[in-house]
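Colleague: Got a file for you: final11.cif, mmCIF, C-alpha atoms.
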data_protein
loop_
_atom_site.label_atom_id
_atom_site.label_comp_id
_atom_site.auth_asym_id
_atom_site.auth_seq_id
_atom_site.Cartn_x
_atom_site.Cartn_y
_atom_site.Cartn_z
CA MET A 1 -20.88 -35.93 -17.94
CA SER A 2 -21.90 -33.30 -20.47
CA GLN A 3 -23.85 -31.29 -17.88
CA SER A 4 -20.99 -31.18 -15.39
CA ALA A 5 -18.57 -30.17 -18.13
CA ALA A 6 -20.87 -27.42 -19.30
CA LEU A 7 -21.16 -25.71 -15.92
CA PRO A 8 -17.63 -25.33 -14.50
CA GLY A 9 -18.00 -21.63 -13.78
CA PRO A 10 -20.90 -21.74 -11.28
CA ARG A 11 -19.44 -24.77 -9.49
CA ILE A 12 -16.18 -22.90 -8.97
CA ALA A 13 -17.82 -19.61 -8.08
CA LEU A 14 -20.43 -20.87 -5.60
CA PRO A 15 -17.92 -21.86 -2.87
CA LEU A 16 -16.53 -18.30 -3.04
CA LEU A 17 -19.90 -16.61 -2.66
CA PRO A 18 -20.37 -16.68 1.16
CA GLY A 19 -16.91 -15.24 1.79
CA LEU A 20 -17.28 -12.64 -0.95
CA LEU A 21 -20.61 -11.52 0.49
CA LEU A 22 -19.12 -11.23 3.97
CA CYS A 23 -16.16 -9.22 2.62
CA GLY A 24 -18.61 -7.02 0.73
CA ALA A 25 -20.65 -6.37 3.88
CA VAL A 26 -17.56 -5.41 5.89
CA ALA A 27 -16.22 -3.23 3.07
CA GLY A 28 -19.58 -1.51 2.68
CA ALA A 29 -19.77 -0.75 6.39
CA ALA A 30 -16.24 0.68 6.29
CA ALA A 31 -17.10 2.89 3.30
CA LEU A 32 -20.20 4.21 5.06
CA LEU A 33 -18.21 5.01 8.20
CA ALA A 34 -15.63 6.87 6.13
CA LEU A 35 -18.41 8.89 4.45
CA ALA A 36 -19.94 9.64 7.85
CA GLN A 37 -16.61 11.04 9.07
CA GLN A 38 -16.37 13.17 5.94
CA ALA A 39 -19.86 14.55 6.50
CA LEU A 40 -19.36 15.23 10.22
CA PHE A 41 -15.77 16.47 10.34
CA GLY A 42 -14.97 17.52 6.78
CA ARG A 43 -12.44 14.70 6.37
CA ALA A 44 -12.12 10.99 7.08
CA TRP A 45 -9.71 10.68 10.01
CA LEU A 46 -9.61 6.92 9.53
CA ASP A 47 -9.42 5.82 5.90
CA GLY A 48 -11.94 3.28 4.62
CA LEU A 49 -9.15 0.74 4.08
CA VAL A 50 -8.09 0.97 7.71
CA LEU A 51 -11.71 0.75 8.86
CA ALA A 52 -12.24 -2.36 6.72
CA ILE A 53 -9.31 -4.05 8.43
CA LEU A 54 -10.46 -2.99 11.88
CA LEU A 55 -14.06 -4.11 11.29
CA GLY A 56 -12.97 -7.41 9.79
CA THR A 57 -10.55 -8.12 12.60
CA GLY A 58 -13.15 -7.19 15.21
CA LEU A 59 -15.74 -9.48 13.64
CA ARG A 60 -13.27 -12.34 13.46
CA SER A 61 -12.28 -11.80 17.09
CA LEU A 62 -15.86 -11.72 18.42
CA ARG A 63 -16.82 -15.14 17.16
CA PRO A 64 -15.57 -17.89 14.82
CA LEU A 65 -16.56 -17.36 11.20
CA PRO A 66 -18.55 -20.02 9.32
CA ALA A 67 -16.31 -22.44 7.49
CA ALA A 68 -18.18 -21.74 4.26
CA THR A 69 -16.74 -18.20 4.17
CA ALA A 70 -13.09 -19.32 4.11
CA PRO A 71 -12.66 -19.81 0.31
CA GLY A 72 -14.17 -16.42 -0.56
CA ILE A 73 -12.13 -14.64 2.11
CA ALA A 74 -8.91 -16.25 0.86
CA PHE A 75 -9.79 -15.36 -2.75
CA SER A 76 -10.44 -11.73 -1.81
CA ALA A 77 -7.27 -11.41 0.27
CA ARG A 78 -5.05 -12.69 -2.51
CA THR A 79 -6.51 -12.63 -6.03
CA LEU A 80 -8.60 -9.47 -5.71
CA LEU A 81 -5.67 -7.74 -4.03
CA GLU A 82 -3.31 -8.69 -6.85
CA ILE A 83 -5.76 -7.36 -9.43
CA ALA A 84 -6.02 -4.08 -7.50
CA VAL A 85 -2.23 -3.70 -7.39
CA MET A 86 -2.05 -4.34 -11.14
CA LEU A 87 -4.67 -1.68 -11.87
CA LEU A 88 -2.74 0.82 -9.74
CA GLY A 89 -0.29 1.11 -12.64
CA ALA A 90 -2.92 3.00 -14.65
CA SER A 91 -2.60 5.95 -12.26
CA LEU A 92 1.10 6.46 -12.97
CA SER A 93 2.63 8.35 -15.86
CA LEU A 94 6.30 8.62 -16.75
CA THR A 95 5.62 11.93 -18.54
CA THR A 96 5.20 13.81 -15.27
CA LEU A 97 8.35 12.17 -13.93
CA MET A 98 10.42 13.25 -16.95
CA ALA A 99 9.16 16.83 -16.68
CA ALA A 100 10.59 17.10 -13.16
CA GLY A 101 14.14 16.57 -14.40
CA PRO A 102 16.59 13.81 -13.44
CA TRP A 103 17.71 14.86 -9.98
CA LEU A 104 14.39 14.67 -8.16
CA PRO A 105 13.45 11.11 -9.21
CA LEU A 106 17.02 9.96 -8.64
CA GLY A 107 17.00 11.46 -5.16
CA ILE A 108 13.63 9.89 -4.39
CA ALA A 109 14.91 6.48 -5.52
CA VAL A 110 17.94 6.83 -3.22
CA VAL A 111 15.77 7.88 -0.27
CA VAL A 112 13.36 4.96 -0.84
CA GLY A 113 16.20 2.46 -1.15
CA LEU A 114 17.96 3.66 1.99
CA SER A 115 14.68 3.77 3.87
CA ILE A 116 13.87 0.16 2.98
CA LEU A 117 17.31 -1.03 4.07
CA CYS A 118 17.26 0.94 7.32
CA GLY A 119 13.65 0.02 8.09
CA TYR A 120 14.41 -3.65 7.55
CA GLY A 121 17.48 -3.40 9.76
CA ILE A 122 15.50 -1.71 12.54
CA GLY A 123 12.78 -4.34 12.36
CA ARG A 124 15.21 -7.21 12.53
CA GLY A 125 17.12 -5.50 15.32
CA LEU A 126 13.89 -5.27 17.33
CA GLY A 127 13.18 -8.95 16.78
CA LEU A 128 10.59 -8.83 14.00
CA PRO A 129 10.43 -11.86 11.70
CA ARG A 130 12.09 -11.33 8.34
CA ARG A 131 8.87 -11.07 6.32
CA MET A 132 7.23 -8.68 8.78
CA ALA A 133 10.34 -6.47 8.75
CA VAL A 134 10.22 -6.36 4.94
CA LEU A 135 6.52 -5.42 4.94
CA VAL A 136 6.94 -2.60 7.44
CA ALA A 137 10.03 -1.26 5.66
CA CYS A 138 8.32 -1.24 2.26
CA GLY A 139 5.08 0.21 3.62
CA ASN A 140 6.92 3.08 5.28
CA SER A 141 9.23 3.73 2.36
CA ILE A 142 6.86 3.63 -0.62
CA CYS A 143 3.11 3.91 -0.23
CA GLY A 144 1.78 2.21 2.86
CA ASN A 145 -1.09 -0.20 2.16
CA SER A 146 -0.41 -0.64 -1.56
CA ALA A 147 3.28 -1.42 -1.07
CA ILE A 148 2.58 -3.90 1.74
CA ALA A 149 -0.12 -5.54 -0.38
CA ALA A 150 2.14 -5.78 -3.43
CA VAL A 151 5.19 -7.13 -1.62
CA ALA A 152 3.31 -9.62 0.59
CA PRO A 153 2.57 -12.34 -2.01
CA VAL A 154 6.07 -12.07 -3.46
CA ILE A 155 7.79 -12.81 -0.13
CA GLY A 156 5.15 -15.29 1.05
CA ALA A 157 3.91 -13.18 3.97
CA GLN A 158 0.98 -14.47 6.01
CA ALA A 159 -2.30 -12.61 6.43
CA ARG A 160 -1.61 -11.75 10.09
CA ASP A 161 1.71 -10.13 9.10
CA VAL A 162 0.04 -8.09 6.35
CA THR A 163 -2.74 -6.96 8.65
CA ALA A 164 -0.41 -5.96 11.48
CA ALA A 165 1.88 -4.03 9.13
CA ILE A 166 -1.01 -2.18 7.46
CA ALA A 167 -2.76 -1.43 10.76
CA PHE A 168 0.24 0.18 12.42
CA THR A 169 1.50 2.08 9.39
CA ALA A 170 -2.03 3.35 8.73
CA VAL A 171 -2.53 4.63 12.27
CA LEU A 172 0.80 6.43 12.18
CA GLY A 173 -0.02 7.78 8.73
CA VAL A 174 -3.13 9.50 10.09
CA GLY A 175 -1.07 11.07 12.86
CA LEU A 176 1.50 12.25 10.33
CA VAL A 177 -1.16 13.96 8.21
CA LEU A 178 -2.33 15.86 11.28
CA ALA A 179 1.11 16.76 12.61
CA LEU A 180 2.98 17.72 9.45
CA PRO A 181 1.12 20.98 8.67
CA LEU A 182 1.56 22.06 12.31
CA ALA A 183 5.29 21.40 12.07
CA ALA A 184 5.69 23.28 8.77
CA PRO A 185 6.51 26.69 10.34
CA LEU A 186 9.10 25.11 12.63
CA LEU A 187 10.95 23.46 9.74
CA GLY A 188 11.60 26.72 7.86
CA LEU A 189 10.72 25.22 4.46
CA ASN A 190 9.23 27.03 1.52
CA ASP A 191 6.09 25.66 -0.15
CA LEU A 192 7.98 23.56 -2.71
CA GLN A 193 10.21 22.06 -0.05
CA TYR A 194 7.30 21.32 2.24
CA GLY A 195 5.47 19.61 -0.63
CA THR A 196 8.57 17.50 -1.24
CA LEU A 197 8.71 16.51 2.44
CA ALA A 198 5.03 15.57 2.50
CA GLY A 199 5.32 13.57 -0.71
CA LEU A 200 8.28 11.63 0.67
CA THR A 201 6.84 10.81 4.08
CA VAL A 202 3.03 10.61 3.87
CA TYR A 203 1.71 7.22 2.79
CA ALA A 204 -1.30 7.66 0.48
CA VAL A 205 -1.98 10.21 -2.25
CA PRO A 206 -5.22 11.44 -0.59
CA GLN A 207 -3.27 11.85 2.66
CA VAL A 208 -0.66 13.92 0.81
CA LEU A 209 -3.45 16.20 -0.38
CA ALA A 210 -4.75 16.51 3.18
CA ALA A 211 -1.27 17.30 4.51
CA THR A 212 -0.40 19.90 1.86
CA ALA A 213 -3.73 21.64 1.24
CA PRO A 214 -3.49 23.74 4.45
CA VAL A 215 -0.18 25.17 3.21
CA SER A 216 -0.69 26.15 -0.44
CA ALA A 217 -1.69 24.97 -3.91
CA LEU A 218 2.00 24.87 -4.84
CA ALA A 219 2.68 22.50 -1.94
CA VAL A 220 -0.20 20.30 -3.13
CA GLN A 221 1.21 20.09 -6.66
CA MET A 222 4.75 19.32 -5.51
CA GLY A 223 3.60 16.85 -2.88
CA THR A 224 1.47 14.97 -5.38
CA LEU A 225 4.29 14.82 -7.94
CA VAL A 226 6.81 13.52 -5.40
CA LYS A 227 4.29 11.02 -4.08
CA LEU A 228 3.56 9.64 -7.55
CA VAL A 229 7.28 9.28 -8.24
CA ARG A 230 7.62 7.47 -4.91
CA VAL A 231 4.77 5.12 -5.82
CA LEU A 232 6.53 4.45 -9.11
CA MET A 233 9.31 2.79 -7.10
CA LEU A 234 6.84 0.00 -6.25
CA GLY A 235 7.43 -1.88 -9.51
CA PRO A 236 11.24 -2.10 -9.27
CA VAL A 237 11.10 -2.92 -5.55
CA VAL A 238 8.68 -5.80 -6.01
CA LEU A 239 10.69 -7.03 -8.99
CA GLY A 240 13.81 -6.96 -6.82
CA PHE A 241 12.16 -9.04 -4.11
CA SER A 242 10.96 -11.49 -6.77
CA LEU A 243 14.52 -11.91 -7.98
CA LEU A 244 15.76 -12.40 -4.41
CA ALA A 245 13.07 -14.99 -3.72
CA GLY A 246 14.06 -16.97 -6.80
CA THR A 247 17.75 -16.80 -5.92
CA ARG A 248 17.19 -17.99 -2.32
CA ALA A 249 15.17 -20.95 -3.54
CA GLY A 250 18.09 -22.03 -5.75
CA GLN A 251 15.75 -22.28 -8.72
CA ARG A 252 15.60 -20.79 -12.18
CA PRO A 253 11.90 -20.14 -12.44
CA GLY A 254 10.15 -18.96 -15.56
CA LEU A 255 9.14 -15.36 -16.03
CA ALA A 256 5.66 -16.01 -14.61
CA ARG A 257 7.17 -17.13 -11.30
CA LEU A 258 10.10 -14.73 -11.25
CA VAL A 259 7.95 -11.66 -11.88
CA PRO A 260 4.38 -11.94 -10.53
CA TRP A 261 1.71 -11.47 -13.19
CA PHE A 262 0.20 -8.51 -11.39
CA ILE A 263 3.51 -6.65 -11.38
CA LEU A 264 3.88 -7.22 -15.12
CA GLY A 265 0.37 -5.83 -15.46
CA PHE A 266 1.26 -2.88 -13.19
CA LEU A 267 4.27 -1.96 -15.32
CA GLY A 268 2.35 -2.53 -18.55
CA LEU A 269 -0.48 -0.21 -17.55
CA ALA A 270 2.00 2.44 -16.39
CA LEU A 271 3.72 2.24 -19.79
CA LEU A 272 0.41 2.49 -21.66
CA ARG A 273 -0.54 5.52 -19.56
CA SER A 274 2.83 7.15 -20.26
CA LEU A 275 2.56 6.58 -24.02
CA GLY A 276 -0.96 8.00 -24.12
CA LEU A 277 -2.39 4.64 -25.24
CA LEU A 278 -4.75 4.36 -22.29
CA PRO A 279 -7.96 6.29 -23.09
CA PRO A 280 -8.51 9.02 -20.49
CA VAL A 281 -12.17 8.02 -20.24
CA LEU A 282 -11.07 4.73 -18.67
CA LEU A 283 -8.98 6.27 -15.90
CA GLY A 284 -11.92 7.14 -13.66
CA PRO A 285 -13.59 3.71 -13.86
CA ILE A 286 -10.23 1.96 -13.36
CA ALA A 287 -9.57 4.04 -10.25
CA THR A 288 -13.04 3.16 -8.93
CA VAL A 289 -12.53 -0.56 -9.54
CA THR A 290 -9.07 -0.40 -7.95
CA GLY A 291 -10.44 1.27 -4.83
CA THR A 292 -13.33 -1.19 -4.56
CA LEU A 293 -11.15 -4.28 -4.96
CA THR A 294 -8.62 -2.93 -2.47
CA LEU A 295 -11.37 -2.27 0.06
CA LEU A 296 -12.71 -5.82 -0.35
CA ALA A 297 -9.20 -7.21 0.03
CA MET A 298 -8.55 -5.21 3.21
CA ALA A 299 -11.82 -6.52 4.67
CA ALA A 300 -10.68 -10.05 3.80
CA LEU A 301 -7.31 -9.51 5.44
CA GLY A 302 -9.03 -8.34 8.60
CA LEU A 303 -11.39 -11.30 8.55
CA GLY A 304 -8.43 -13.64 8.28
CA VAL A 305 -6.64 -12.50 11.42
CA ASP A 306 -7.16 -13.10 15.12
CA VAL A 307 -6.59 -9.83 17.00
CA ARG A 308 -4.61 -11.63 19.69
CA VAL A 309 -1.95 -12.53 17.12
CA VAL A 310 -1.63 -8.89 16.05
CA ALA A 311 -1.48 -7.70 19.67
CA ARG A 312 1.47 -9.95 20.43
CA ALA A 313 3.51 -8.26 17.70
CA GLY A 314 2.22 -4.77 18.48
CA LEU A 315 5.03 -3.14 20.44
CA ARG A 316 7.82 -4.27 18.16
CA VAL A 317 5.91 -3.33 15.02
CA SER A 318 5.01 0.06 16.49
CA LEU A 319 8.62 0.84 17.38
CA THR A 320 9.81 -0.29 13.96
CA VAL A 321 7.27 1.90 12.17
CA VAL A 322 8.01 4.98 14.31
CA LEU A 323 11.80 4.70 14.08
CA SER A 324 11.68 3.92 10.36
CA LEU A 325 9.46 6.92 9.71
CA LEU A 326 11.80 9.19 11.68
CA LEU A 327 14.73 8.02 9.55
CA LEU A 328 12.66 8.53 6.39
CA GLY A 329 11.89 12.08 7.51
CA LEU A 330 15.58 12.80 8.12
CA ALA A 331 16.49 11.37 4.71
CA ALA A 332 13.78 13.51 3.09
CA LEU A 333 15.12 16.64 4.77
CA GLY A 334 18.61 15.69 3.60
CA LEU A 335 17.38 15.39 0.01
CA ILE A 336 15.62 18.75 0.26
CA ALA A 337 18.86 20.33 1.51
CA VAL A 338 20.87 19.16 -1.54
CA LEU A 339 18.23 19.80 -4.22
CA PRO A 340 18.18 23.16 -6.03
CA PRO A 341 15.98 25.50 -3.96
CA GLY A 342 13.38 26.35 -6.60
#
Can I see the file as structure tokens?

Modeller:
Amino acid sequence: MSQSAALPGPRIALPLLPGLLLCGAVAGAAALLALAQQALFGRAWLDGLVLAILLGTGLRSLRPLPAATAPGIAFSARTLLEIAVMLLGASLSLTTLMAAGPWLPLGIAVVVGLSILCGYGIGRGLGLPRRMAVLVACGNSICGNSAIAAVAPVIGAQARDVTAAIAFTAVLGVGLVLALPLAAPLLGLNDLQYGTLAGLTVYAVPQVLAATAPVSALAVQMGTLVKLVRVLMLGPVVLGFSLLAGTRAGQRPGLARLVPWFILGFLGLALLRSLGLLPPVLLGPIATVTGTLTLLAMAALGLGVDVRVVARAGLRVSLTVVLSLLLLGLAALGLIAVLPPG
């Protein structure tokens, strides 16, 4: 009795080990492929997160996975992902937002809100299930993978829905990074306006840098600022879905159920960063841990999905993503038109 009570940790951790090792192998292969692209072409055309999903899905589709890997894969796809979303809050600072003045963040909030509503409506109109429509709408409107990952556990989305939403938004995101600089001369925007457009439409912060760097340093700075403000919408959006989920269930859950722990952590870290209470020396390691955990979680999501399930939803998801992104682009151009020009 005393021996079993003294060793709860290893007995809990051992069942997770095979799945964690498999996720680690897939994530490592994806990271190496991303580095190889960077070395050969000067940039990674397919992000490591996307590659992790593709490799995991391909492995799962080639042959059945050992049953022993299931607990570790499930742990990585949920718990590690929630930790990564929480740590994302350390990259956000309200100080930068306040320096931009009130109209820009207010406009971004309006654009994000309208984009979510329109994206959800398009998805439902095309026959997507409710949860899938929510995932695609949030991924398009806020920050792609991170938004989909954060919203998924709150609305009870299944792994196949998360994987399909991330896969299609990620592929389109790569195309957007390539196309946007080419379209810049046709749009007649100055560098600040172009940076605003890129920050409002491109999914990930590194992709914003890739889309704005060919234009100017000013476009890079504006694009990054707008993108960070857009990412900041993640907390309120997830909180809103938590409130809706509690209301639909007809329950009055406690704070821990109403607001997921990782969202409380996300907001708490963002507040600490804004108040200067988070030591700058920790920001680099936190970003590294966040990226690593997210990569492991994406590998787990891929390993949890049969490609045939994703393929069946492909056309509708693709149309939803494309149409939603077009509407987001129009809304972004509308915001640029009403903002002060400088």

Colleague: Could you check the closest approach to Ala211 in chain A for each of A:Leu106, A:Leu178, A:Ala68, A:Ala84 and tell me which residue wins, using all atoms listed in the file?

Modeller: A:Leu178

Colleague: Using only C-alpha atoms, pick whichever of A:Leu187, A:Val220, A:Leu264, A:Ala25 has the shortest atom-to-atom distance to Val85 in chain A.

Modeller: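 Answer, going by the shortest atom-to-atom distance: A:Leu264.
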
Colleague: List the residues matched by the PyMOL selection byres ((chain A and resi 69-78) around 6) in the displayed structure as a list in words, ordered by chain and then by residue number.

Modeller: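 Taken over the shown coordinates, the PyMOL selection byres ((chain A and resi 69-78) around 6) returns Leu16, Pro18, Gly19, Leu20, Pro66, Ala67, Ala68, Thr79, Leu80, Leu81, Ala297, Ala300 and Leu301 of chain A.
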
Colleague: On this structure, the PyMOL selection byres ((chain A and resi 34) around 9) would catch which residues? List them as a PyMOL selection string, sorted by chain and number.

Modeller: chain A and resi 29-33+35-39+43-48+51

Colleague: Using only C-alpha atoms, can you tell me which of A:Met86, A:Val317, A:Leu59, A:Leu296 comes closest to Ile166 in chain A?

Modeller: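 For Ile166 in chain A, the nearest of the candidates is A:Val317.
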
Colleague: One decimal, in Å: what's the spacing between CA of Leu303 in chain A and CA of Leu17 in chain A?

Modeller: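 Interatomic distance here is 15.0 Å.
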
Colleague: Start from the incomplete input, build N, CA, C and O atoms for range 186-206 of chain A, and deliver everything as a compact mmCIF listing (two decimals), keeping the file's coordinate frame.

Modeller:
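part31.txt, freshly written:
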# COMPACT_ATOMS: atom_id res chain seq x y z
N LEU A 186 7.90 25.38 11.85
CA LEU A 186 9.10 25.11 12.63
C LEU A 186 10.25 24.62 11.75
O LEU A 186 11.42 24.78 12.11
N LEU A 187 9.92 24.04 10.59
CA LEU A 187 10.95 23.46 9.74
C LEU A 187 11.61 24.50 8.84
O LEU A 187 12.68 24.23 8.27
N GLY A 188 11.00 25.67 8.68
CA GLY A 188 11.60 26.72 7.86
C GLY A 188 11.68 26.37 6.39
O GLY A 188 12.61 26.80 5.70
N LEU A 189 10.71 25.63 5.87
CA LEU A 189 10.72 25.22 4.46
C LEU A 189 9.78 26.11 3.65
O LEU A 189 8.75 26.55 4.14
N ASN A 190 10.17 26.35 2.40
CA ASN A 190 9.23 27.03 1.52
C ASN A 190 8.18 26.04 1.03
O ASN A 190 8.23 24.85 1.35
N ASP A 191 7.21 26.51 0.24
CA ASP A 191 6.09 25.66 -0.15
C ASP A 191 6.54 24.46 -0.98
O ASP A 191 6.04 23.34 -0.80
N LEU A 192 7.48 24.67 -1.90
CA LEU A 192 7.98 23.56 -2.71
C LEU A 192 8.68 22.51 -1.84
O LEU A 192 8.50 21.30 -2.02
N GLN A 193 9.49 22.98 -0.91
CA GLN A 193 10.21 22.06 -0.05
C GLN A 193 9.27 21.30 0.88
O GLN A 193 9.44 20.11 1.11
N TYR A 194 8.27 22.01 1.39
CA TYR A 194 7.30 21.32 2.24
C TYR A 194 6.52 20.26 1.45
O TYR A 194 6.26 19.16 1.95
N GLY A 195 6.15 20.60 0.21
CA GLY A 195 5.47 19.61 -0.63
C GLY A 195 6.33 18.39 -0.87
O GLY A 195 5.85 17.25 -0.86
N THR A 196 7.64 18.62 -1.06
CA THR A 196 8.57 17.50 -1.24
C THR A 196 8.61 16.63 0.01
O THR A 196 8.58 15.39 -0.07
N LEU A 197 8.67 17.25 1.19
CA LEU A 197 8.71 16.51 2.44
C LEU A 197 7.44 15.68 2.63
O LEU A 197 7.49 14.50 2.99
N ALA A 198 6.28 16.30 2.35
CA ALA A 198 5.03 15.57 2.50
C ALA A 198 4.95 14.41 1.52
O ALA A 198 4.53 13.30 1.88
N GLY A 199 5.37 14.64 0.28
CA GLY A 199 5.32 13.57 -0.71
C GLY A 199 6.23 12.41 -0.38
O GLY A 199 5.95 11.26 -0.75
N LEU A 200 7.33 12.69 0.33
CA LEU A 200 8.28 11.63 0.67
C LEU A 200 7.93 10.87 1.94
O LEU A 200 8.43 9.77 2.16
N THR A 201 7.08 11.44 2.78
CA THR A 201 6.84 10.81 4.08
C THR A 201 5.40 10.31 4.27
O THR A 201 5.19 9.31 4.95
N VAL A 202 4.43 11.01 3.69
CA VAL A 202 3.03 10.61 3.87
C VAL A 202 2.74 9.41 2.98
O VAL A 202 3.27 9.30 1.87
N TYR A 203 1.88 8.51 3.45
CA TYR A 203 1.71 7.22 2.79
C TYR A 203 0.87 7.28 1.51
O TYR A 203 1.31 6.87 0.45
N ALA A 204 -0.37 7.74 1.60
CA ALA A 204 -1.30 7.66 0.48
C ALA A 204 -1.45 9.02 -0.21
O ALA A 204 -1.28 10.06 0.42
N VAL A 205 -1.80 8.98 -1.50
CA VAL A 205 -1.98 10.21 -2.25
C VAL A 205 -3.06 11.10 -1.64
O VAL A 205 -2.85 12.31 -1.48
N PRO A 206 -4.24 10.56 -1.25
CA PRO A 206 -5.22 11.44 -0.59
C PRO A 206 -4.69 12.05 0.70
O PRO A 206 -5.01 13.20 1.03
